[in-house]
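Please read the structure below before turning to the comments.
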Amino acid sequence: MEEHTLIASLKSRNQAAFRQLVETYQVRVYNTVLSLIQHNEEAEDIAQEVFIEVYRSVENFREDSTLSTWIYRIATTKSLEAIRKKKTQKRFAFLTSLFGKNDELLHQSPDFEHPGVVAENKELSQTLFEAISKLPDNQRIAYTLVNVEGLSYVETAEAMDITKSSVESLIFRAKGNLKKLLKTYYEEDFG
Amino acid sequence: MKNIDKKIEETLNSLDGMNRAEPRPFFYTRLKARMENEASVSTYAVRKLKPALLVPMLACSLLLSVASVYTVLSYDTQDASLSSRDAFIQEYGLNESVSTLNY
């Protein structure tokens, strides 16, 4: 089914079209969300929310961008919302601990292991993902879309609704920040 | 220092050749189940309210109700006494001076 036909079918609430959309994009959405969230169960939950949002708002989709970049935009927005929510929860974590509440979501795994990483790079990638999680939001999204999801700068720019040169700038700053973070980490480790 | 620089480069390159992570099997089935479940809940807004918000909201609502009832009752009492007085004056053709006498 061509993209325009697929979108038209989605707008008319065709269930077969929605199934096709999910099956086409589920891996891309899940992989993007997982790389940003760095938590397996939460990633599935948010990936589902992405498709629910697509289903609900497809009638307002004006086809200014491709379906793919629109879905990436929803996926990154939903992931960011979840990250911010988690940060807020962490700020109040001391209060919940006073009442003995043990909320799993508050504690992000420090040793996130992406299942797609080749075996010999597992340990190094854990360190890299930890450093990526410390980047500012925009740098984190741009770096993840380009280096984990493999999008081009143009596709990333469309997904983030910014210019290509802004993406280049974000990637440049992200790499610089990652080098600084990793240097501090390894200096402590070797020192 | 060279060791650290080398390690940093290796770390930055550690995502090379990685594959995409895939969700667990039957993702679509679970998604549809969730959508149907959410659609079946008619009181969506109420469900979103957390107890931390619900309790103060109920308390405020109760307080407003009590205040409204109290205001209405006190107004009705005053109003009722005045209107019965006026009705009495009209019915018996009394003037103001007579009606204000204490019997």
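Each chain of the structure tokens is named A, B, ... in the order shown, its residues numbered from 1; ligands are numbered from 1 in display order.
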Open item on the list: Residues within 8 Å of region 74-80 of chain A, please, as a list in words. Count only C-alpha atoms; anything in the same chain fewer than 3 positions from it doesn't count.
Closed with: Val29, Thr32, Val33, Leu36, Ile37, Ile46, Ala47, Glu49, Val50, Glu53, Val54, Trp70, Ile71, Ile83, Arg84, Asp137 and Ile141 of chain A
May I have the selected residues written with N, CA, C and O atoms, as a tab-separated table (two decimals), in the first residue's frame?
chain	number	residue	atom	x	y	z
A	29	VAL	N	10.16	2.45	15.99
A	29	VAL	CA	9.65	3.22	17.14
A	29	VAL	C	10.23	2.66	18.44
A	29	VAL	O	10.76	3.40	19.28
A	32	THR	N	13.99	3.45	18.83
A	32	THR	CA	14.23	4.86	19.15
A	32	THR	C	13.89	5.15	20.60
A	32	THR	O	14.67	5.77	21.34
A	33	VAL	N	12.70	4.69	21.00
A	33	VAL	CA	12.25	4.95	22.37
A	33	VAL	C	13.19	4.27	23.38
A	33	VAL	O	13.59	4.88	24.37
A	36	LEU	N	16.42	6.11	23.88
A	36	LEU	CA	16.27	7.36	24.63
A	36	LEU	C	15.92	7.09	26.10
A	36	LEU	O	16.46	7.72	27.01
A	37	ILE	N	15.01	6.16	26.32
A	37	ILE	CA	14.52	5.87	27.67
A	37	ILE	C	15.49	4.98	28.46
A	37	ILE	O	15.62	5.10	29.68
A	46	ILE	N	5.84	3.04	26.19
A	46	ILE	CA	5.85	4.33	25.47
A	46	ILE	C	5.68	4.10	23.96
A	46	ILE	O	4.99	4.87	23.29
A	47	ALA	N	6.25	3.01	23.45
A	47	ALA	CA	6.07	2.69	22.02
A	47	ALA	C	4.58	2.49	21.73
A	47	ALA	O	4.07	2.94	20.70
A	49	GLU	N	2.16	3.91	23.39
A	49	GLU	CA	1.56	5.26	23.45
A	49	GLU	C	1.78	6.03	22.15
A	49	GLU	O	0.93	6.81	21.73
A	50	VAL	N	2.93	5.80	21.53
A	50	VAL	CA	3.23	6.47	20.25
A	50	VAL	C	2.18	6.07	19.21
A	50	VAL	O	1.60	6.92	18.53
A	53	GLU	N	-1.20	7.53	19.91
A	53	GLU	CA	-1.22	8.94	19.50
A	53	GLU	C	-1.35	9.06	17.98
A	53	GLU	O	-2.09	9.92	17.48
A	54	VAL	N	-0.64	8.21	17.25
A	54	VAL	CA	-0.74	8.21	15.78
A	54	VAL	C	-2.18	7.95	15.37
A	54	VAL	O	-2.75	8.66	14.54
A	70	TRP	N	7.09	11.93	10.78
A	70	TRP	CA	6.03	12.33	11.72
A	70	TRP	C	5.98	11.37	12.90
A	70	TRP	O	5.86	11.78	14.05
A	71	ILE	N	6.12	10.07	12.61
A	71	ILE	CA	6.09	9.06	13.69
A	71	ILE	C	7.34	9.20	14.58
A	71	ILE	O	7.24	9.10	15.80
A	83	ILE	N	10.98	11.07	30.05
A	83	ILE	CA	12.25	11.38	30.70
A	83	ILE	C	12.05	12.53	31.70
A	83	ILE	O	12.52	12.47	32.85
A	84	ARG	N	11.30	13.56	31.28
A	84	ARG	CA	11.05	14.72	32.17
A	84	ARG	C	10.21	14.31	33.37
A	84	ARG	O	10.46	14.76	34.48
A	137	ASP	N	18.60	17.52	26.33
A	137	ASP	CA	17.57	16.81	25.57
A	137	ASP	C	17.76	16.83	24.05
A	137	ASP	O	17.72	15.79	23.40
A	141	ILE	N	18.60	13.62	21.62
A	141	ILE	CA	17.70	13.13	20.55
A	141	ILE	C	18.44	13.10	19.21
A	141	ILE	O	18.40	12.10	18.50
Open item on the list: With only C-alpha atoms as the counted atoms, please give the residues lying no more than 12 Å from Leu170 (chain A), apart from itself and same-chain residues fewer than 5 positions off, as JSON, numbers by chain.
Closed with: {"A": [135, 136, 137, 138, 139, 140, 141, 142, 143, 144, 145, 146, 153, 156, 157, 160, 162, 163, 164, 165, 175, 176, 177, 178]}
Can you list every residue of chain A that has an atom at most 9 Å from chain B, with its nearest atom pair and the distance in Å to one decimal, using only C-alpha atoms, ordered by chain then number, as a Markdown table?
| residue | atom | partner | partner_atom | distance |
| --- | --- | --- | --- | --- |
| A:Arg19 | CA | B:Tyr28 | CA | 7.0 |
| A:Val22 | CA | B:Tyr28 | CA | 6.7 |
| A:Glu23 | CA | B:Tyr28 | CA | 7.3 |
| A:Gln26 | CA | B:Pro23 | CA | 7.4 |
| A:Val27 | CA | B:Glu22 | CA | 5.2 |
| A:Arg28 | CA | B:Arg20 | CA | 7.4 |
| A:Tyr30 | CA | B:Pro23 | CA | 6.2 |
| A:Asn31 | CA | B:Ala21 | CA | 5.1 |
| A:Thr32 | CA | B:Arg20 | CA | 8.8 |
| A:Leu34 | CA | B:Ala21 | CA | 7.9 |
| A:Ser35 | CA | B:Ala21 | CA | 8.9 |
| A:Asn40 | CA | B:Pro23 | CA | 8.7 |
| A:Ala43 | CA | B:Pro23 | CA | 8.7 |
| A:Glu44 | CA | B:Pro23 | CA | 6.7 |
| A:Ala47 | CA | B:Pro23 | CA | 9.0 |
| A:Gln48 | CA | B:Leu31 | CA | 5.8 |
| A:Glu49 | CA | B:Leu31 | CA | 8.6 |
| A:Phe51 | CA | B:Leu31 | CA | 8.2 |
| A:Ile52 | CA | B:Met35 | CA | 7.2 |
| A:His114 | CA | B:Ala21 | CA | 7.2 |
| A:Pro115 | CA | B:Ala21 | CA | 5.8 |
| A:Gly116 | CA | B:Asn19 | CA | 4.3 |
| A:Val117 | CA | B:Met18 | CA | 4.5 |
| A:Val118 | CA | B:Met18 | CA | 5.9 |
| A:Glu120 | CA | B:Ser14 | CA | 8.8 |
| A:Asn121 | CA | B:Ser14 | CA | 5.4 |
| A:Lys122 | CA | B:Ser14 | CA | 7.9 |
| A:Glu123 | CA | B:Ser14 | CA | 8.8 |
| A:Leu124 | CA | B:Thr11 | CA | 5.1 |
| A:Ser125 | CA | B:Ser14 | CA | 5.4 |
| A:Gln126 | CA | B:Thr11 | CA | 9.0 |
| A:Thr127 | CA | B:Thr11 | CA | 7.3 |
| A:Leu128 | CA | B:Thr11 | CA | 6.1 |
| A:Asn147 | CA | B:Leu15 | CA | 7.4 |
| A:Val148 | CA | B:Leu15 | CA | 6.9 |
| A:Glu149 | CA | B:Arg20 | CA | 7.4 |
| A:Lys175 | CA | B:Leu12 | CA | 8.4 |
| A:Leu178 | CA | B:Leu12 | CA | 8.2 |
| A:Lys179 | CA | B:Ile8 | CA | 6.6 |
| A:Leu182 | CA | B:Ile8 | CA | 6.2 |
| A:Lys183 | CA | B:Ile4 | CA | 6.9 |
| A:Tyr186 | CA | B:Ile4 | CA | 6.4 |
| A:Glu187 | CA | B:Ile4 | CA | 7.3 |
| A:Phe190 | CA | B:Ile4 | CA | 8.2 |
Task: Interatomic distance, CA of Arg56 (chain A) to CA of Lys11 (chain A) (Å, one decimal) - done: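 Interatomic distance here is 9.3 Å.
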Task: For CA of Ser152 (chain A) and CA of Ala119 (chain A), the interatomic separation in Å (one decimal) - done: 25.7 Å
- [ ] Would you mind reading off the distance between CA of Leu6 (chain A) and CA of Tyr72 (chain A), one decimal, in Å?
- [x]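 Separation between CA of Leu6 (chain A) and CA of Tyr72 (chain A): 17.1 Å.
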Open item on the list: To test your reading of the structure, identify every residue in region 18-156 of chain A that backbone DSSP assigns to helix (DSSP H, G or I), and report it as an MDAnalysis selection string.
Closed with: chainID A and resid 18:37 40:60 67:91 93:98 104:106 119:132 137:148 153:156
